[in-house]
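A.B. asks: start-v5.txt is reproduced in full below (compact mmCIF, C-alpha atoms).
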```
# COMPACT_ATOMS: atom_id res chain seq x y z
CA MET A 28 -104.83 -18.52 43.73
CA SER A 29 -108.30 -19.84 44.49
CA ILE A 30 -111.72 -18.24 44.76
CA GLY A 31 -113.87 -19.36 47.67
CA ALA A 32 -116.08 -16.85 49.44
CA ILE A 33 -117.34 -13.89 47.43
CA SER A 34 -118.56 -10.50 48.63
CA ILE A 35 -120.66 -8.30 46.35
CA LEU A 36 -120.79 -4.61 47.22
CA GLY A 37 -124.03 -3.26 45.82
CA ALA A 38 -127.53 -4.68 46.07
CA GLY A 39 -129.11 -3.26 42.93
CA ALA A 40 -130.37 -5.37 40.05
CA TRP A 41 -126.91 -6.31 38.73
CA GLY A 42 -125.45 -7.11 42.15
CA THR A 43 -128.49 -9.24 42.96
CA ALA A 44 -128.29 -11.06 39.64
CA LEU A 45 -124.61 -11.90 40.19
CA ALA A 46 -125.32 -13.12 43.72
CA TRP A 47 -128.07 -15.40 42.39
CA LEU A 48 -125.86 -16.62 39.55
CA TRP A 49 -122.76 -17.38 41.60
CA ALA A 50 -124.58 -18.88 44.60
CA LYS A 51 -126.38 -21.54 42.59
CA ASP A 52 -123.62 -24.05 43.41
CA GLU A 53 -124.02 -23.25 47.15
CA ARG A 54 -120.97 -20.98 47.18
CA GLN A 55 -121.01 -18.59 50.12
CA ILE A 56 -121.94 -15.08 48.92
CA ARG A 57 -122.27 -11.93 50.98
CA VAL A 58 -124.12 -8.97 49.49
CA TRP A 59 -123.63 -5.52 50.96
CA ALA A 60 -126.47 -2.98 50.77
CA HIS A 61 -125.93 0.57 52.01
CA ASP A 62 -129.52 0.72 53.34
CA ALA A 63 -129.77 -1.32 56.55
CA VAL A 64 -133.56 -1.61 56.37
CA ARG A 65 -133.48 -2.95 52.82
CA ALA A 66 -130.63 -5.32 53.68
CA ALA A 67 -132.65 -6.78 56.55
CA ARG A 68 -135.73 -7.10 54.35
CA MET A 69 -133.79 -8.87 51.62
CA GLN A 70 -132.22 -11.22 54.14
CA GLU A 71 -135.63 -12.09 55.55
CA THR A 72 -137.64 -12.38 52.33
CA ARG A 73 -134.79 -13.74 50.13
CA GLU A 74 -135.92 -11.32 47.41
CA ASN A 75 -134.90 -7.91 46.11
CA ALA A 76 -138.39 -6.71 45.28
CA GLU A 77 -137.36 -3.10 44.60
CA TYR A 78 -134.74 -3.83 41.95
CA LEU A 79 -135.11 -7.40 40.70
CA GLY A 80 -138.32 -8.97 41.90
CA GLY A 81 -139.42 -12.47 41.06
CA ILE A 82 -136.27 -14.40 41.94
CA THR A 83 -135.38 -16.10 45.21
CA LEU A 84 -131.89 -15.74 46.57
CA PRO A 85 -130.29 -19.05 47.60
CA GLU A 86 -129.78 -19.64 51.32
CA SER A 87 -126.02 -19.39 50.83
CA VAL A 88 -126.44 -15.64 50.20
CA LEU A 89 -126.13 -13.40 53.24
CA VAL A 90 -127.34 -9.81 52.84
CA THR A 91 -125.75 -7.29 55.20
CA SER A 92 -125.31 -3.56 55.66
CA SER A 93 -121.89 -3.96 57.31
CA LEU A 94 -118.80 -3.72 55.12
CA ARG A 95 -116.88 -5.53 57.84
CA ASP A 96 -118.95 -8.64 57.08
CA CYS A 97 -117.60 -8.54 53.52
CA ALA A 98 -113.94 -7.87 54.24
CA GLU A 99 -112.68 -11.47 54.52
CA ALA A 100 -113.78 -12.73 51.09
CA ASP A 101 -111.34 -14.06 48.49
CA LEU A 102 -113.12 -12.00 45.83
CA ILE A 103 -114.72 -8.61 46.46
CA VAL A 104 -116.97 -7.45 43.64
CA PHE A 105 -117.86 -3.78 43.20
CA VAL A 106 -121.34 -3.28 41.71
CA THR A 107 -121.91 0.19 43.14
CA PRO A 108 -122.89 3.37 41.30
CA SER A 109 -119.77 4.92 39.79
CA VAL A 110 -120.20 8.13 41.80
CA ALA A 111 -120.11 6.10 45.04
CA LEU A 112 -117.25 3.73 44.24
CA ARG A 113 -114.42 5.88 45.62
CA ASP A 114 -116.15 6.46 48.95
CA ILE A 115 -117.02 2.78 49.37
CA ALA A 116 -113.46 1.72 48.48
CA VAL A 117 -112.10 4.09 51.14
CA ARG A 118 -114.50 2.62 53.69
CA LEU A 119 -113.51 -0.92 52.71
CA ARG A 120 -109.81 -0.09 53.11
CA ARG A 121 -110.41 0.53 56.82
CA VAL A 122 -111.73 -2.98 57.44
CA ILE A 123 -110.17 -5.28 54.82
CA HIS A 124 -107.62 -7.74 56.22
CA HIS A 125 -107.33 -10.27 53.41
CA PRO A 126 -104.03 -9.34 51.69
CA ARG A 127 -104.66 -11.57 48.67
CA ALA A 128 -108.29 -10.63 48.05
CA VAL A 129 -108.99 -9.92 44.39
CA LEU A 130 -111.08 -6.85 43.56
CA LEU A 131 -113.44 -7.17 40.60
CA SER A 132 -115.10 -4.02 39.25
CA CYS A 133 -118.46 -4.51 37.56
CA THR A 134 -119.19 -0.78 37.76
CA LYS A 135 -119.44 0.97 34.38
CA GLY A 136 -118.44 4.59 34.65
CA ILE A 137 -115.74 7.26 34.46
CA GLU A 138 -114.99 9.41 37.49
CA HIS A 139 -115.98 13.05 37.19
CA VAL A 140 -113.12 15.61 37.08
CA THR A 141 -110.30 13.03 37.29
CA GLY A 142 -111.41 11.07 34.21
CA MET A 143 -110.25 7.90 35.97
CA ARG A 144 -111.65 4.48 35.18
CA MET A 145 -113.08 2.48 38.08
CA SER A 146 -110.09 0.12 38.24
CA GLN A 147 -107.77 3.12 38.46
CA VAL A 148 -109.77 4.47 41.40
CA LEU A 149 -109.55 1.09 43.13
CA HIS A 150 -105.82 0.84 42.47
CA GLU A 151 -105.26 4.30 43.95
CA ILE A 152 -107.08 3.37 47.16
CA LEU A 153 -106.18 -0.34 47.46
CA PRO A 154 -102.86 -0.62 45.59
CA ASP A 155 -101.76 -3.95 47.05
CA HIS A 156 -104.64 -5.98 45.59
CA LYS A 157 -105.05 -7.57 42.19
CA ILE A 158 -107.79 -5.76 40.29
CA ALA A 159 -109.90 -7.11 37.43
CA VAL A 160 -112.90 -5.75 35.55
CA LEU A 161 -116.01 -7.40 34.12
CA SER A 162 -118.07 -5.92 31.31
CA GLY A 163 -120.28 -7.04 28.45
CA PRO A 164 -123.85 -7.15 27.16
CA ASN A 165 -125.30 -8.46 30.41
CA LEU A 166 -128.84 -7.39 31.28
CA ALA A 167 -129.68 -8.49 34.82
CA ALA A 168 -133.28 -9.35 33.95
CA GLU A 169 -132.10 -11.88 31.36
CA ILE A 170 -129.29 -13.33 33.48
CA VAL A 171 -131.78 -14.45 36.14
CA GLN A 172 -133.90 -16.12 33.47
CA SER A 173 -130.87 -18.31 32.68
CA LEU A 174 -130.81 -16.96 29.13
CA PRO A 175 -127.41 -17.43 27.45
CA SER A 176 -125.05 -14.50 27.92
CA ALA A 177 -121.38 -13.70 27.43
CA THR A 178 -119.03 -11.27 29.12
CA VAL A 179 -115.35 -10.35 29.41
CA ILE A 180 -113.09 -10.36 32.45
CA ALA A 181 -109.93 -8.31 31.96
CA CYS A 182 -106.88 -8.15 34.18
CA ASP A 183 -103.24 -7.20 33.68
CA ASP A 184 -102.42 -10.58 35.22
CA PHE A 185 -103.59 -13.23 32.74
CA ASN A 186 -103.51 -15.99 35.37
CA CYS A 187 -105.84 -13.97 37.59
CA ALA A 188 -108.29 -13.46 34.72
CA ALA A 189 -108.17 -17.17 33.90
CA THR A 190 -108.83 -18.12 37.52
CA LEU A 191 -111.86 -15.83 37.65
CA GLN A 192 -113.06 -17.25 34.33
CA ARG A 193 -113.01 -20.80 35.72
CA ALA A 194 -114.57 -19.81 39.03
CA LEU A 195 -117.36 -17.56 37.77
CA GLY A 196 -118.23 -18.81 34.29
CA SER A 197 -120.88 -21.34 33.34
CA PRO A 198 -122.51 -22.65 30.15
CA ARG A 199 -125.18 -19.92 30.42
CA PHE A 200 -122.75 -17.20 31.49
CA ARG A 201 -119.81 -17.57 29.15
CA ILE A 202 -116.72 -15.61 30.19
CA TYR A 203 -113.93 -14.54 27.87
CA THR A 204 -110.62 -13.20 29.18
CA SER A 205 -108.57 -10.20 28.14
CA GLN A 206 -105.63 -8.14 29.27
CA GLU A 207 -107.06 -4.99 27.63
CA VAL A 208 -108.33 -3.52 30.90
CA ALA A 209 -108.71 0.06 29.66
CA SER A 210 -110.61 -1.00 26.54
CA ILE A 211 -113.01 -3.29 28.41
CA GLU A 212 -113.79 -0.60 30.98
CA LEU A 213 -114.15 2.24 28.53
CA GLY A 214 -116.38 0.24 26.21
CA GLY A 215 -118.73 -0.57 29.09
CA ALA A 216 -118.79 3.01 30.34
CA LEU A 217 -119.04 5.03 27.13
CA LYS A 218 -121.78 2.91 25.55
CA ASN A 219 -124.21 4.23 28.19
CA VAL A 220 -123.93 7.73 26.74
CA PHE A 221 -124.83 6.45 23.29
CA ALA A 222 -127.71 4.41 24.72
CA LEU A 223 -129.17 7.70 25.93
CA ALA A 224 -128.83 9.06 22.38
CA ALA A 225 -130.51 5.97 20.93
CA GLY A 226 -133.35 6.31 23.40
CA ILE A 227 -133.80 9.97 22.47
CA SER A 228 -133.98 8.90 18.82
CA ASP A 229 -136.71 6.40 19.65
CA GLY A 230 -138.56 8.94 21.78
CA LEU A 231 -138.57 11.32 18.83
CA CYS A 232 -139.82 8.47 16.54
CA LEU A 233 -136.99 9.00 14.07
CA GLY A 234 -137.21 5.49 12.64
CA ASP A 235 -134.91 2.54 12.07
CA ASN A 236 -132.70 4.10 9.39
CA SER A 237 -131.85 6.98 11.68
CA LYS A 238 -131.16 4.73 14.65
CA ALA A 239 -128.92 2.39 12.63
CA ALA A 240 -126.87 5.37 11.48
CA LEU A 241 -126.73 6.74 15.02
CA VAL A 242 -125.52 3.48 16.55
CA THR A 243 -122.92 3.01 13.81
CA ARG A 244 -121.53 6.50 14.26
CA SER A 245 -121.68 6.02 18.03
CA LEU A 246 -119.34 3.06 17.70
CA ALA A 247 -116.94 5.17 15.63
CA GLU A 248 -117.04 7.90 18.28
CA LEU A 249 -116.59 5.38 21.10
CA VAL A 250 -113.48 3.98 19.40
CA ARG A 251 -112.09 7.44 18.68
CA LEU A 252 -112.40 8.65 22.26
CA GLY A 253 -111.57 5.27 23.76
CA VAL A 254 -108.26 5.04 21.91
CA ALA A 255 -107.35 8.56 23.01
CA MET A 256 -108.04 7.48 26.60
CA GLY A 257 -105.69 4.53 26.37
CA GLY A 258 -107.81 1.77 24.85
CA ASN A 259 -107.06 -0.58 21.96
CA ALA A 260 -109.16 0.00 18.83
CA THR A 261 -109.62 -3.70 18.04
CA ALA A 262 -110.88 -4.50 21.53
CA PHE A 263 -113.76 -2.05 21.17
CA TYR A 264 -115.30 -4.27 18.51
CA GLY A 265 -115.75 -7.04 21.08
CA LEU A 266 -118.35 -7.82 23.74
CA SER A 267 -117.68 -4.80 25.94
CA GLY A 268 -117.68 -2.33 23.05
CA ALA A 269 -119.88 -3.21 20.10
CA GLY A 270 -121.73 -5.94 22.01
CA ASP A 271 -122.68 -3.81 24.99
CA LEU A 272 -123.45 -0.85 22.72
CA ILE A 273 -125.95 -2.90 20.70
CA VAL A 274 -127.85 -4.29 23.66
CA THR A 275 -128.11 -1.00 25.54
CA CYS A 276 -129.18 0.94 22.45
CA TYR A 277 -131.95 -1.50 21.55
CA SER A 278 -133.20 -3.23 24.70
CA ASP A 279 -136.21 -2.12 26.71
CA HIS A 280 -134.34 -3.51 29.76
CA SER A 281 -131.69 -0.80 29.36
CA ARG A 282 -132.10 1.97 31.93
CA ASN A 283 -130.13 4.42 29.81
CA HIS A 284 -132.17 3.73 26.69
CA THR A 285 -135.35 4.19 28.74
CA VAL A 286 -134.15 7.53 30.11
CA GLY A 287 -133.28 8.69 26.62
CA LYS A 288 -136.66 7.66 25.26
CA ARG A 289 -138.42 9.62 28.00
CA LEU A 290 -136.27 12.67 27.23
CA GLY A 291 -137.16 12.36 23.55
CA ARG A 292 -140.84 12.29 24.46
CA GLY A 293 -140.51 15.61 26.26
CA GLU A 294 -140.04 14.69 29.93
CA GLN A 295 -137.62 16.72 32.02
CA LEU A 296 -134.49 15.08 33.41
CA THR A 297 -135.33 16.08 36.99
CA GLN A 298 -138.73 14.44 36.66
CA ILE A 299 -137.22 11.28 35.19
CA LYS A 300 -134.55 10.94 37.88
CA ALA A 301 -137.08 11.52 40.66
CA SER A 302 -139.20 8.65 39.35
CA MET A 303 -136.32 6.15 39.18
CA LYS A 304 -135.09 3.86 41.95
CA THR A 305 -132.08 2.77 39.91
CA VAL A 306 -129.09 4.73 38.59
CA ALA A 307 -128.74 5.37 34.86
CA GLU A 308 -124.94 5.47 34.62
CA GLY A 309 -125.08 7.29 31.30
CA ILE A 310 -126.10 10.50 33.07
CA PRO A 311 -122.90 11.05 35.10
CA THR A 312 -120.76 9.35 32.45
CA THR A 313 -121.94 11.84 29.82
CA ARG A 314 -120.41 14.67 31.82
CA SER A 315 -117.17 12.74 32.39
CA ALA A 316 -116.92 11.69 28.72
CA TRP A 317 -117.60 15.25 27.54
CA GLU A 318 -114.83 16.52 29.84
CA CYS A 319 -112.40 13.86 28.57
CA GLY A 320 -113.21 14.69 24.96
CA ARG A 321 -112.55 18.38 25.53
CA ARG A 322 -109.33 17.71 27.45
CA LEU A 323 -107.98 15.37 24.76
CA ASP A 324 -109.29 17.50 21.87
CA ILE A 325 -111.32 14.64 20.38
CA ASP A 326 -114.33 15.26 18.15
CA THR A 327 -117.35 13.79 19.97
CA PRO A 328 -120.50 15.26 18.39
CA ILE A 329 -122.94 12.65 19.74
CA ILE A 330 -121.56 12.91 23.28
CA HIS A 331 -121.74 16.70 22.95
CA ALA A 332 -125.38 16.53 21.86
CA VAL A 333 -126.34 14.30 24.80
CA TYR A 334 -124.40 16.56 27.16
CA ALA A 335 -126.29 19.58 25.83
CA VAL A 336 -129.64 17.87 26.51
CA LEU A 337 -128.67 16.72 30.02
CA TYR A 338 -126.62 19.64 31.30
CA GLU A 339 -127.45 22.68 29.13
CA ASN A 340 -131.24 22.20 28.95
CA ARG A 341 -131.10 21.88 25.17
CA GLU A 342 -134.30 20.55 23.64
CA PRO A 343 -133.67 17.13 22.06
CA THR A 344 -135.03 18.35 18.72
CA VAL A 345 -132.60 21.29 18.76
CA ALA A 346 -129.65 19.00 19.64
CA LEU A 347 -130.70 16.75 16.76
CA GLU A 348 -130.78 19.61 14.29
CA GLU A 349 -127.32 20.70 15.37
CA LEU A 350 -126.04 17.17 14.70
CA LEU A 351 -127.66 17.04 11.27
CA ARG A 352 -126.25 20.43 10.25
CA ARG A 353 -122.66 19.29 10.69
CA ASP A 354 -120.53 19.36 7.54
CA GLN A 355 -120.76 16.24 5.39
CA LYS A 356 -117.50 14.33 5.17
CA PRO A 357 -115.97 10.96 4.24
CA GLU A 358 -116.94 8.03 6.45
CA SER A 359 -114.20 7.04 8.86
CA LEU A 360 -114.03 4.73 11.84
```
Could you express the structure from this file as structure tokens?

C.D. replies:
Amino acid sequence: MSIGAISILGAGAWGTALAWLWAKDERQIRVWAHDAVRAARMQETRENAEYLGGITLPESVLVTSSLRDCAEADLIVFVTPSVALRDIAVRLRRVIHHPRAVLLSCTKGIEHVTGMRMSQVLHEILPDHKIAVLSGPNLAAEIVQSLPSATVIACDDFNCAATLQRALGSPRFRIYTSQEVASIELGGALKNVFALAAGISDGLCLGDNSKAALVTRSLAELVRLGVAMGGNATAFYGLSGAGDLIVTCYSDHSRNHTVGKRLGRGEQLTQIKASMKTVAEGIPTTRSAWECGRRLDIDTPIIHAVYAVLYENREPTVALEELLRRDQKPESL
């Protein structure tokens, strides 16, 4: 198994950052954007001004709006919004002809209603392909500054994960491998819900003590629900669980933290979403996580509070009071 040409489906900040990162050695990269006008502009200007301005894409990167242009790659990387992944995978199935192409999901989300992880969606639609996932504390804005970062690639096939590690890793983008696919995906998806909660806390100016307690209890809740959904408890304390949770709860580069902060300051969700070009994955994932918690009968008070703010029009201060009024109990992880 070897990795030559790479196609990246999704031309947001993260997809652009990965294209820049992996094309630095003149590897041929094709980036698919659903908007033909934006794809043509990126191809001409060599920049993604809307999502990740300030960096120049290497000449080995081709930006296209045709999925057919991306169908022959050895590695096809999904960096689409979670709500669009199923549709794009179905469209790719019609044109893909590379029987050994590896599919790598970098999308962090849980499908609404089905509760399926992104790799499960891909396996349902493209069952004959090896599927891996990538997740970790990886902010696109820092990746393109060549600041040191680490991530995890997980695959049921260890040799596949190791091949991707060698092909995609670098001293400034350190890749670890794992076979805990469910844990790596769920850690990357669920942390976005808690980043919204942390942002709300900051928007309400609740202070550092409160936020530290919130993030700690968020990790406990993430592990509790993640294990019930098929994950391994130990794996959630790694880069894609605790690591990703920390960065998204504290960084100003985190879209979900920013949305939460604006909610805490009194802005309405409709107003916030209308002002954003990018997708805050925590918004749809909150609904999916809430549904999974109810279906599995898992206690998820923080997820429930965020759900109430997003989908039941609960004022953040009211949701906070409901959290604080819960019965006191022994600490447990």

A.B. asks: Could you make a table, as CSV, of the residues of range 66-150 of chain A that have an atom within 12 Å of an atom of range 233-257 of chain A, each with its nearest atom pair and distance in Å to one decimal, counting all atoms listed in the file, in chain and number order?

C.D. replies:
```
residue,atom,partner,partner_atom,distance
A:Ile137,CA,A:Met256,CA,11.0
A:Gly142,CA,A:Met256,CA,9.1
A:Met143,CA,A:Met256,CA,9.6
A:Arg144,CA,A:Met256,CA,9.8
```

A.B. asks: Which is closest to Gly265 in chain A among A:Tyr338, A:His139, A:Ile310, A:Pro164, if we use all atoms listed in the file?

C.D. replies: A:Pro164

A.B. asks: Report as number ranges by chain all protein, DNA and RNA residues lying within 7 Å of range 266-271 of chain A, evaluated on all atoms listed in the file, omitting residues in the same chain fewer than 2 positions from it.

C.D. replies: A: 162-164, 178-179, 211, 214-215, 218, 246, 263-264, 273-275

A.B. asks: Suppose you want the space between CA of Glu207 in chain A and CA of Ala159 in chain A; what is it in Å?

C.D. replies: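 It comes out at 10.4 Å.
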
A.B. asks: How many Å separate CA of Leu296 in chain A from CA of Asn340 in chain A?

C.D. replies: 9.0 Å

A.B. asks: Ranking A:Ile158, A:Val171, A:Val58, A:Val286 by minimum distance to Leu130 in chain A and counting all atoms listed in the file, which one comes first?

C.D. replies: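 Closest to Leu130 in chain A of all the choices is A:Ile158.
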
A.B. asks: Quick one: residues within 9 Å of Lys288 in chain A, all atoms listed in the file, excluding same-chain residues fewer than 4 positions away - as a PyMOL selection string?

C.D. replies: chain A and resi 223-231+283-284+292-293

A.B. asks: Write the residues of the preceding selection, restricted to C-alpha atoms, as a tab-separated table (two decimals), keeping the file's coordinate frame.

C.D. replies:
```tsv
chain	number	residue	atom	x	y	z
A	223	LEU	CA	-129.17	7.70	25.93
A	224	ALA	CA	-128.83	9.06	22.38
A	225	ALA	CA	-130.51	5.97	20.93
A	226	GLY	CA	-133.35	6.31	23.40
A	227	ILE	CA	-133.80	9.97	22.47
A	228	SER	CA	-133.98	8.90	18.82
A	229	ASP	CA	-136.71	6.40	19.65
A	230	GLY	CA	-138.56	8.94	21.78
A	231	LEU	CA	-138.57	11.32	18.83
A	283	ASN	CA	-130.13	4.42	29.81
A	284	HIS	CA	-132.17	3.73	26.69
A	292	ARG	CA	-140.84	12.29	24.46
A	293	GLY	CA	-140.51	15.61	26.26
```

A.B. asks: Could you give me, as a PyMOL selection string, the residues within 8 Å of Leu217 in chain A, counting all atoms listed in the file and dropping anything in the same chain fewer than 2 positions from it?

C.D. replies: chain A and resi 136+213-215+219-221+249+309+312-313+316

A.B. asks: Go ahead and compute the interatomic distance for CA of Lys304 in chain A and CA of Glu77 in chain A, in Å to one decimal.

C.D. replies: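 Taking CA of Lys304 in chain A and CA of Glu77 in chain A, their separation equals 7.8 Å.
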
A.B. asks: As lines of an AutoDock Vina configuration file, what would the box around range 315-325 of chain A look like: edges along x, y and z, 5 Å added on every side, centre and edge lengths in Å to one decimal?

C.D. replies:
```
center_x = -112.8
center_y = 15.0
center_z = 26.4
size_x = 19.6
size_y = 16.7
size_z = 22.0
```
